[in-house]
Structure formats: C-alpha cells, structure tokens
file structure.cif (mmCIF, C-alpha atoms)
data_target
loop_
_atom_site.label_atom_id
_atom_site.label_comp_id
_atom_site.auth_asym_id
_atom_site.auth_seq_id
_atom_site.Cartn_x
_atom_site.Cartn_y
_atom_site.Cartn_z
CA GLY A 1 4.81 9.93 13.09
CA GLN A 2 2.78 11.28 10.22
CA GLN A 3 -0.80 10.14 9.95
CA LEU A 4 -3.47 10.32 7.29
CA ASN A 5 -7.13 10.56 8.27
CA GLN A 6 -9.26 8.89 5.64
CA SER A 7 -13.03 9.11 5.66
CA PRO A 8 -15.49 7.61 5.60
CA GLN A 9 -14.33 4.24 6.93
CA SER A 10 -17.03 2.46 4.96
CA MET A 11 -19.81 3.21 2.51
CA PHE A 12 -22.78 1.14 1.39
CA ILE A 13 -24.38 2.65 -1.68
CA GLN A 14 -26.80 1.86 -4.46
CA GLU A 15 -25.51 1.10 -7.95
CA GLY A 16 -25.50 4.27 -10.02
CA GLU A 17 -24.82 6.61 -7.10
CA ASP A 18 -21.79 8.86 -6.92
CA VAL A 19 -19.16 8.30 -4.22
CA SER A 20 -16.85 10.74 -2.49
CA MET A 21 -14.04 10.02 -0.03
CA ASN A 22 -11.18 12.12 1.26
CA CYS A 23 -7.92 12.16 3.15
CA THR A 24 -6.45 14.83 5.37
CA SER A 25 -3.04 15.19 6.95
CA SER A 26 -1.49 17.38 9.59
CA SER A 27 1.62 17.76 7.44
CA ILE A 28 2.34 18.66 3.84
CA PHE A 29 2.76 16.07 1.11
CA ASN A 30 4.30 16.47 -2.32
CA THR A 31 2.49 13.49 -3.78
CA TRP A 32 -0.96 12.07 -3.25
CA LEU A 33 -1.94 8.63 -4.54
CA TRP A 34 -5.17 6.67 -4.60
CA TYR A 35 -5.10 2.84 -4.63
CA LYS A 36 -7.87 0.24 -4.84
CA GLN A 37 -7.64 -3.19 -3.26
CA ASP A 38 -9.91 -6.01 -4.40
CA PRO A 39 -10.55 -8.88 -1.97
CA GLY A 40 -7.53 -11.20 -1.78
CA GLU A 41 -5.39 -8.95 -3.97
CA GLY A 42 -2.73 -6.32 -3.53
CA PRO A 43 -3.44 -2.59 -3.94
CA VAL A 44 -3.53 -1.26 -7.49
CA LEU A 45 -2.78 2.36 -8.34
CA LEU A 46 -5.78 4.35 -9.60
CA ILE A 47 -4.59 7.95 -9.74
CA ALA A 48 -1.35 9.79 -8.91
CA LEU A 49 -1.25 13.53 -8.15
CA TYR A 50 1.99 15.53 -8.08
CA LYS A 51 1.00 19.20 -7.99
CA ALA A 52 -1.09 21.20 -5.54
CA GLY A 53 -4.49 21.97 -7.06
CA GLU A 54 -4.13 19.23 -9.68
CA LEU A 55 -7.37 17.57 -10.75
CA THR A 56 -7.00 14.24 -12.56
CA SER A 57 -9.52 11.80 -14.00
CA ASN A 58 -9.31 8.12 -14.82
CA GLY A 59 -12.57 7.04 -16.41
CA ARG A 60 -15.32 7.48 -13.82
CA LEU A 61 -12.77 8.38 -11.14
CA THR A 62 -11.66 11.91 -10.37
CA ALA A 63 -9.13 12.93 -7.73
CA GLN A 64 -7.78 16.27 -6.59
CA PHE A 65 -4.60 17.35 -4.78
CA GLY A 66 -5.68 19.96 -2.23
CA ILE A 67 -4.27 23.45 -2.59
CA THR A 68 -2.94 23.38 0.99
CA ARG A 69 -1.08 20.08 0.19
CA LYS A 70 -2.68 18.58 3.28
CA ASP A 71 -5.66 16.89 1.68
CA SER A 72 -6.98 14.99 -1.31
CA PHE A 73 -10.32 13.62 -2.42
CA LEU A 74 -11.49 10.85 -4.73
CA ASN A 75 -14.86 10.83 -6.48
CA ILE A 76 -16.41 7.89 -8.29
CA SER A 77 -19.32 8.68 -10.55
CA ALA A 78 -22.17 6.31 -11.42
CA SER A 79 -20.90 3.43 -9.29
CA ILE A 80 -21.09 -0.15 -10.57
CA PRO A 81 -20.77 -3.47 -8.70
CA SER A 82 -17.10 -3.92 -9.69
CA ASP A 83 -16.25 -0.72 -7.77
CA VAL A 84 -16.52 -2.81 -4.59
CA GLY A 85 -13.27 -2.91 -2.64
CA ILE A 86 -11.11 -0.93 -0.27
CA TYR A 87 -9.79 2.44 -1.42
CA PHE A 88 -6.59 3.78 0.12
CA CYS A 89 -5.09 7.21 -0.05
CA ALA A 90 -1.34 7.54 0.34
CA GLY A 91 0.92 10.55 0.66
CA ARG A 92 4.60 11.11 0.22
CA ASN A 93 7.03 13.91 1.01
CA TYR A 94 10.73 13.95 0.34
CA GLY A 95 12.12 14.39 3.80
CA GLY A 96 13.03 11.77 6.39
CA SER A 97 12.54 8.27 5.05
CA GLN A 98 13.54 8.95 1.45
CA GLY A 99 10.05 9.59 0.28
CA ASN A 100 8.22 6.52 1.55
CA LEU A 101 4.45 6.36 1.38
CA ILE A 102 2.14 6.95 4.32
CA PHE A 103 -1.20 5.16 3.88
CA GLY A 104 -4.65 6.04 5.13
CA LYS A 105 -6.68 3.31 6.84
CA GLY A 106 -8.93 2.81 3.86
CA THR A 107 -12.54 3.29 2.81
CA LYS A 108 -14.47 0.07 2.27
CA LEU A 109 -17.00 0.47 -0.53
CA SER A 110 -19.98 -1.83 -0.93
CA VAL A 111 -22.35 -1.44 -3.89
CA LYS A 112 -25.88 -2.77 -3.90
CA PRO A 113 -27.12 -3.74 -7.36
CA ASN B 1 3.91 -9.89 -17.11
CA ALA B 2 4.51 -11.30 -13.64
CA GLY B 3 5.25 -7.96 -11.90
CA VAL B 4 5.77 -8.64 -8.18
CA THR B 5 5.54 -12.28 -7.09
CA GLN B 6 5.21 -13.31 -3.46
CA THR B 7 5.49 -16.80 -1.99
CA PRO B 8 3.84 -18.41 -0.19
CA LYS B 9 0.28 -17.08 -0.51
CA PHE B 10 -0.85 -18.60 2.79
CA GLN B 11 1.04 -19.83 5.83
CA VAL B 12 0.19 -20.99 9.34
CA LEU B 13 2.96 -20.96 11.93
CA LYS B 14 3.17 -21.95 15.54
CA THR B 15 4.43 -19.39 18.03
CA GLY B 16 8.22 -19.42 18.05
CA GLN B 17 8.65 -20.91 14.59
CA SER B 18 10.65 -19.08 11.96
CA MET B 19 9.98 -18.53 8.29
CA THR B 20 11.00 -16.41 5.33
CA LEU B 21 8.60 -14.67 2.99
CA GLN B 22 9.92 -14.39 -0.53
CA CYS B 23 9.41 -11.56 -3.00
CA ALA B 24 10.71 -11.15 -6.54
CA GLN B 25 10.08 -8.46 -9.15
CA ASP B 26 10.82 -8.57 -12.85
CA MET B 27 10.52 -4.84 -13.61
CA ASN B 28 14.17 -3.96 -12.88
CA HIS B 29 13.07 -1.63 -10.07
CA ASN B 30 15.63 -0.26 -7.64
CA SER B 31 13.39 0.10 -4.57
CA MET B 32 11.53 -2.69 -2.80
CA TYR B 33 9.28 -2.62 0.25
CA TRP B 34 7.60 -4.87 2.79
CA TYR B 35 4.28 -3.79 4.31
CA ARG B 36 1.87 -5.41 6.70
CA GLN B 37 -1.89 -4.89 6.56
CA ASP B 38 -4.09 -5.34 9.58
CA PRO B 39 -7.86 -4.81 9.70
CA GLY B 40 -8.69 -1.12 9.96
CA MET B 41 -4.99 -0.14 9.98
CA GLY B 42 -4.12 0.43 6.35
CA LEU B 43 -0.63 -0.56 5.21
CA ARG B 44 2.35 -0.02 7.47
CA LEU B 45 5.92 -0.13 6.25
CA ILE B 46 8.13 -2.78 7.87
CA TYR B 47 11.40 -2.46 5.95
CA TYR B 48 12.50 -1.09 2.63
CA SER B 49 15.48 -1.28 0.31
CA ALA B 50 16.26 1.78 -1.78
CA SER B 51 18.78 -0.12 -3.86
CA GLU B 52 20.59 -3.43 -4.05
CA GLY B 53 22.76 -3.86 -0.97
CA THR B 54 20.89 -1.41 1.27
CA THR B 55 18.04 -1.91 3.70
CA ASP B 56 16.35 0.42 6.19
CA LYS B 57 13.73 0.20 8.89
CA GLY B 58 10.23 1.43 8.32
CA GLU B 59 7.46 2.18 10.78
CA VAL B 60 7.10 -1.29 12.36
CA PRO B 61 10.41 -3.25 12.02
CA ASN B 62 10.50 -5.05 15.38
CA GLY B 63 10.48 -8.84 15.07
CA TYR B 64 11.53 -8.84 11.42
CA ASN B 65 14.70 -8.99 9.37
CA VAL B 66 15.17 -8.50 5.65
CA SER B 67 17.66 -9.40 2.95
CA ARG B 68 18.04 -7.74 -0.43
CA LEU B 69 19.52 -10.78 -2.14
CA ASN B 70 19.95 -9.06 -5.51
CA LYS B 71 18.10 -6.44 -7.51
CA ARG B 72 15.14 -8.76 -8.11
CA GLU B 73 14.63 -10.33 -4.69
CA PHE B 74 13.79 -8.97 -1.25
CA SER B 75 12.95 -11.42 1.54
CA LEU B 76 11.34 -10.88 4.93
CA ARG B 77 12.24 -13.17 7.83
CA LEU B 78 10.41 -13.82 11.05
CA GLU B 79 12.93 -15.39 13.44
CA SER B 80 10.48 -16.27 16.21
CA ALA B 81 6.88 -15.77 15.15
CA ALA B 82 4.38 -14.25 17.58
CA PRO B 83 0.56 -14.08 17.35
CA SER B 84 0.88 -10.28 16.95
CA GLN B 85 2.54 -10.95 13.60
CA THR B 86 -0.64 -12.49 12.22
CA SER B 87 -1.30 -10.24 9.25
CA VAL B 88 -1.32 -9.95 5.49
CA TYR B 89 2.12 -9.07 4.16
CA PHE B 90 2.64 -7.19 0.92
CA CYS B 91 5.81 -6.71 -1.06
CA ALA B 92 6.08 -3.77 -3.45
CA SER B 93 8.63 -2.37 -5.85
CA ARG B 94 9.20 1.01 -7.46
CA GLU B 95 11.61 2.75 -9.78
CA THR B 96 13.07 5.36 -7.42
CA GLY B 97 13.20 8.88 -8.74
CA GLY B 98 11.07 8.23 -11.78
CA LEU B 99 7.42 8.99 -12.25
CA THR B 100 6.38 5.45 -11.46
CA GLU B 101 4.62 4.43 -8.32
CA ALA B 102 4.73 1.23 -6.31
CA PHE B 103 3.51 -2.05 -7.76
CA PHE B 104 2.26 -4.51 -5.16
CA GLY B 105 2.31 -8.28 -5.01
CA GLN B 106 -0.79 -10.32 -4.19
CA GLY B 107 0.13 -10.72 -0.55
CA THR B 108 0.97 -13.48 1.92
CA ARG B 109 -1.67 -14.22 4.51
CA LEU B 110 0.16 -15.35 7.68
CA THR B 111 -1.48 -16.77 10.76
CA VAL B 112 0.53 -17.40 13.93
CA VAL B 113 -1.18 -19.68 16.45
#
call {"tool": "encode", "arguments": {"input": "structure.cif", "output": "structure tokens"}}
result
Amino acid sequence: GQQLNQSPQSMFIQEGEDVSMNCTSSSIFNTWLWYKQDPGEGPVLLIALYKAGELTSNGRLTAQFGITRKDSFLNISASIPSDVGIYFCAGRNYGGSQGNLIFGKGTKLSVKP
Amino acid sequence: NAGVTQTPKFQVLKTGQSMTLQCAQDMNHNSMYWYRQDPGMGLRLIYYSASEGTTDKGEVPNGYNVSRLNKREFSLRLESAAPSQTSVYFCASRETGGLTEAFFGQGTRLTVV
C-alpha cells in the first residue's frame, strides 16, 4: 500500500528556534494536510494544501505542496512551548479507496523553554 | 460545539471479551471513519462509511466490525478482543466532496490484557 515517509521522527529544540519537517511519498497525492496532536487529544487540522506548488501560512506555520506532488513540508517559526506535540502529515488521492487519507508516522516536537 | 464525541474515553478488557466503541458527530457530515493509533505508527484506517447505510474496509479491518446506525453515529465493535488490539482509537467525520477536512474525536484508549 501507499506509504508516507515523515522526518524527522522527533525534535528537541530551544524556544525561539525555527522548526522544519517534511513528508515524502512514492506516489502522487492531490491533497496534502498537516495535523497537530496534543497529548491525550485527537489530531487537529493545521493547514490544508490542494494545488501543487501551493504555499500556505497559518500564523507562525507555513506549509508547501511540492511541485512533484510527492512531498510536502511544514515550517514553524519562533517556536513556543505550546508548539509541543506530534505533527502528522497526511496525503490523499482520488483513486482506490474514495480519497481516504494516508498518514505519516508523525514528528514529535519538544520545546525547551 | 461538540463536534465528534467518542465514548468511552478509557477501557480495559480481558482477552476474548467484546465491546463496542461509540462515536457521534453533530456536524451533519456524510463520511465517518475509525482509525487506530499505535506508537510510532501514525494513524491507520480500520473502517469507513462514505454515507449512511454504507461501510467499507480500510487498511487494518481484521478483528473489527462497524455499524453506521444513522447519519450521526458510527460504532466500532470488537467481538473477541486480543492484546494486539491495545491501541488508541479515533473516530473522525468529514463532509465528502466539500472543501472540509476530517474532524477527529478525542480518542478511546483501549487496553486488552
């Protein structure tokens, strides 16, 4: 089946630093999504990307849909303690299983004050 | 706004016991999903329902059954629980075809001993 490779698996950074994480796939996606999961909670959508090359921001977060449709990255600028959590990428195409999401394995972010 | 509500939040079962995880959404969404989350594995789709009255298998359906009781409710049943089903289970819903992405519940943490 399709797989997403998300990296890094974990990051431990100082407050104020910028963060970058990415996802790559062996197959093409028509949609890329980025979710954040706080401890004990369900994932919450951060950014949705629907067009190759699209660059979208949400506050300190910026994500891009790769031009090849096989990758996406998420940047967080000037990290703060509440950025702690697990970040998931997810991709969707419109073949096969009616456009269901495929999730990466997540990037666990820890922020040191 | 309740969004997606899952019950129970925590459950401990003995091997071989059965139980049903409940999920209800109040957003009038057509599509509903059940995922499981295991450490380092991301979210994997168990079953989904594209509309009331239909259900389909996802990536990891073995050992589970589902019922789309009505448009609001989508339940997941474990007929004979196994330790391998120890996981965190998430229900999600989405308005199929529109530019809305999945909303997740808070999860059910299940331990099978």
call {"tool": "atom_distance", "arguments": {"input": "structure.cif", "atom1": "atom CA of Ala90 of chain A", "atom2": "atom CA of Ser27 of chain A"}}
result
12.8 Å
call {"tool": "resolve_selection", "arguments": {"input": "structure.cif", "expression": "the PyMOL selection byres ((chain A and resi 78) around 7)", "output": "PyMOL selection string"}}
result
chain A and resi 16-18+76-77+79-80
call {"tool": "residues_around", "arguments": {"input": "structure.cif", "residues": "segment 28-38 of chain B", "least_positions_apart": "3", "cutoff": "8 Å", "atoms": "only C-alpha atoms", "output": "ChimeraX atom specification"}}
result
/B:25,41-52,71-72,74,76,87-96
call {"tool": "residues_near_point", "arguments": {"input": "structure.cif", "point": "(11.3, -11.7, -8.3)", "cutoff": "9 Å", "atoms": "all atoms listed in the file", "output": "list in words"}}
result
Ala2, Gly3, Val4, Thr5, Gln6, Gln22, Cys23, Ala24, Gln25, Asp26, Met27, Lys71, Arg72, Glu73 and Phe74 of chain B
call {"tool": "write_last_selection", "arguments": {"input": "structure.cif", "atoms": "C-alpha atoms", "output": "CSV table (one decimal), in the frame of the given file"}}
result
chain,number,residue,atom,x,y,z
B,2,ALA,CA,4.5,-11.3,-13.6
B,3,GLY,CA,5.2,-8.0,-11.9
B,4,VAL,CA,5.8,-8.6,-8.2
B,5,THR,CA,5.5,-12.3,-7.1
B,6,GLN,CA,5.2,-13.3,-3.5
B,22,GLN,CA,9.9,-14.4,-0.5
B,23,CYS,CA,9.4,-11.6,-3.0
B,24,ALA,CA,10.7,-11.2,-6.5
B,25,GLN,CA,10.1,-8.5,-9.2
B,26,ASP,CA,10.8,-8.6,-12.8
B,27,MET,CA,10.5,-4.8,-13.6
B,71,LYS,CA,18.1,-6.4,-7.5
B,72,ARG,CA,15.1,-8.8,-8.1
B,73,GLU,CA,14.6,-10.3,-4.7
B,74,PHE,CA,13.8,-9.0,-1.2
call {"tool": "atom_distance", "arguments": {"input": "structure.cif", "atom1": "atom CA of Gly59 of chain A", "atom2": "atom CA of Ala102 of chain B"}}
result
20.9 Å
call {"tool": "atom_distance", "arguments": {"input": "structure.cif", "atom1": "atom CA of Asn62 of chain B", "atom2": "atom CA of Leu101 of chain A"}}
result
19.0 Å
call {"tool": "resolve_selection", "arguments": {"input": "structure.cif", "expression": "the PyMOL selection byres ((chain A) within 6 of (chain B))", "output": "compact mmCIF listing (two decimals) with C-alpha atoms, in the coordinates of the input"}}
result
# COMPACT_ATOMS: atom_id res chain seq x y z
CA GLU A 41 -5.39 -8.95 -3.97
CA GLY A 42 -2.73 -6.32 -3.53
CA PHE A 103 -1.20 5.16 3.88
CA GLY A 104 -4.65 6.04 5.13
CA LYS A 105 -6.68 3.31 6.84
CA GLY A 106 -8.93 2.81 3.86
call {"tool": "resolve_selection", "arguments": {"input": "structure.cif", "expression": "the PyMOL selection byres ((chain A and resi 109) around 12)", "output": "ChimeraX atom specification"}}
result
/A:7-15,17-21,36-39,76,79-88,106-108,110-112
call {"tool": "decode", "arguments": {"input": "structure.cif", "residues": "segment 30-103 of chain A", "atoms": "C-alpha atoms", "output": "mmCIF file, in the first residue's frame"}}
result
data_model
loop_
_atom_site.group_PDB
_atom_site.id
_atom_site.type_symbol
_atom_site.label_atom_id
_atom_site.label_comp_id
_atom_site.auth_asym_id
_atom_site.auth_seq_id
_atom_site.Cartn_x
_atom_site.Cartn_y
_atom_site.Cartn_z
ATOM 1 C CA ASN A 30 -3.798 15.588 -4.825
ATOM 2 C CA THR A 31 -4.096 16.861 -1.277
ATOM 3 C CA TRP A 32 -1.589 17.331 1.500
ATOM 4 C CA LEU A 33 -2.662 18.042 5.075
ATOM 5 C CA TRP A 34 -0.806 18.822 8.268
ATOM 6 C CA TYR A 35 -2.332 17.921 11.668
ATOM 7 C CA LYS A 36 -1.154 18.520 15.226
ATOM 8 C CA GLN A 37 -1.959 16.214 18.116
ATOM 9 C CA ASP A 38 -1.679 17.409 21.706
ATOM 10 C CA PRO A 39 -1.197 14.784 24.433
ATOM 11 C CA GLY A 40 -4.457 12.954 25.150
ATOM 12 C CA GLU A 41 -6.304 14.663 22.303
ATOM 13 C CA GLY A 42 -7.274 13.897 18.738
ATOM 14 C CA PRO A 43 -5.451 15.414 15.746
ATOM 15 C CA VAL A 44 -6.419 18.948 14.780
ATOM 16 C CA LEU A 45 -6.026 20.284 11.251
ATOM 17 C CA LEU A 46 -3.368 22.991 10.872
ATOM 18 C CA ILE A 47 -3.026 23.526 7.128
ATOM 19 C CA ALA A 48 -4.602 22.024 4.000
ATOM 20 C CA LEU A 49 -2.924 22.179 0.571
ATOM 21 C CA TYR A 50 -4.780 21.396 -2.661
ATOM 22 C CA LYS A 51 -2.535 22.544 -5.509
ATOM 23 C CA ALA A 52 0.998 21.585 -6.490
ATOM 24 C CA GLY A 53 3.397 24.389 -5.591
ATOM 25 C CA GLU A 54 0.925 25.960 -3.161
ATOM 26 C CA LEU A 55 2.470 27.732 -0.182
ATOM 27 C CA THR A 56 0.108 28.440 2.719
ATOM 28 C CA SER A 57 0.608 30.092 6.096
ATOM 29 C CA ASN A 58 -1.324 29.883 9.338
ATOM 30 C CA GLY A 59 0.240 32.260 11.838
ATOM 31 C CA ARG A 60 3.778 31.052 12.530
ATOM 32 C CA LEU A 61 3.199 27.912 10.457
ATOM 33 C CA THR A 62 3.978 27.642 6.764
ATOM 34 C CA ALA A 63 3.450 24.575 4.595
ATOM 35 C CA GLN A 64 4.118 23.836 0.944
ATOM 36 C CA PHE A 65 2.726 21.293 -1.526
ATOM 37 C CA GLY A 66 5.709 20.017 -3.507
ATOM 38 C CA ILE A 67 5.730 20.634 -7.238
ATOM 39 C CA THR A 68 6.176 16.908 -7.949
ATOM 40 C CA ARG A 69 3.055 16.165 -5.791
ATOM 41 C CA LYS A 70 5.138 13.625 -3.892
ATOM 42 C CA ASP A 71 6.224 15.764 -0.971
ATOM 43 C CA SER A 72 5.277 18.492 1.463
ATOM 44 C CA PHE A 73 6.998 20.402 4.235
ATOM 45 C CA LEU A 74 5.890 22.262 7.353
ATOM 46 C CA ASN A 75 7.869 25.070 8.958
ATOM 47 C CA ILE A 76 7.225 26.583 12.370
ATOM 48 C CA SER A 77 8.917 29.876 13.076
ATOM 49 C CA ALA A 78 9.965 31.153 16.506
ATOM 50 C CA SER A 79 8.758 28.088 18.408
ATOM 51 C CA ILE A 80 6.989 28.473 21.755
ATOM 52 C CA PRO A 81 6.271 25.890 24.488
ATOM 53 C CA SER A 82 2.681 25.316 23.307
ATOM 54 C CA ASP A 83 4.036 24.031 19.969
ATOM 55 C CA VAL A 84 4.851 20.781 21.797
ATOM 56 C CA GLY A 85 3.011 17.802 20.342
ATOM 57 C CA ILE A 86 3.037 15.339 17.485
ATOM 58 C CA TYR A 87 2.736 16.676 13.944
ATOM 59 C CA PHE A 88 1.312 14.429 11.244
ATOM 60 C CA CYS A 89 1.319 14.835 7.519
ATOM 61 C CA ALA A 90 -1.447 13.177 5.535
ATOM 62 C CA GLY A 91 -2.000 12.760 1.824
ATOM 63 C CA ARG A 92 -4.986 11.927 -0.295
ATOM 64 C CA ASN A 93 -5.552 10.978 -3.916
ATOM 65 C CA TYR A 94 -8.844 10.228 -5.569
ATOM 66 C CA GLY A 95 -8.308 6.704 -6.753
ATOM 67 C CA GLY A 96 -8.920 3.416 -4.957
ATOM 68 C CA SER A 97 -10.433 3.978 -1.537
ATOM 69 C CA GLN A 98 -12.562 7.002 -2.405
ATOM 70 C CA GLY A 99 -9.981 9.504 -1.361
ATOM 71 C CA ASN A 100 -9.108 8.307 2.129
ATOM 72 C CA LEU A 101 -6.167 9.820 3.954
ATOM 73 C CA ILE A 102 -2.771 8.171 4.309
ATOM 74 C CA PHE A 103 -0.918 9.379 7.417
#
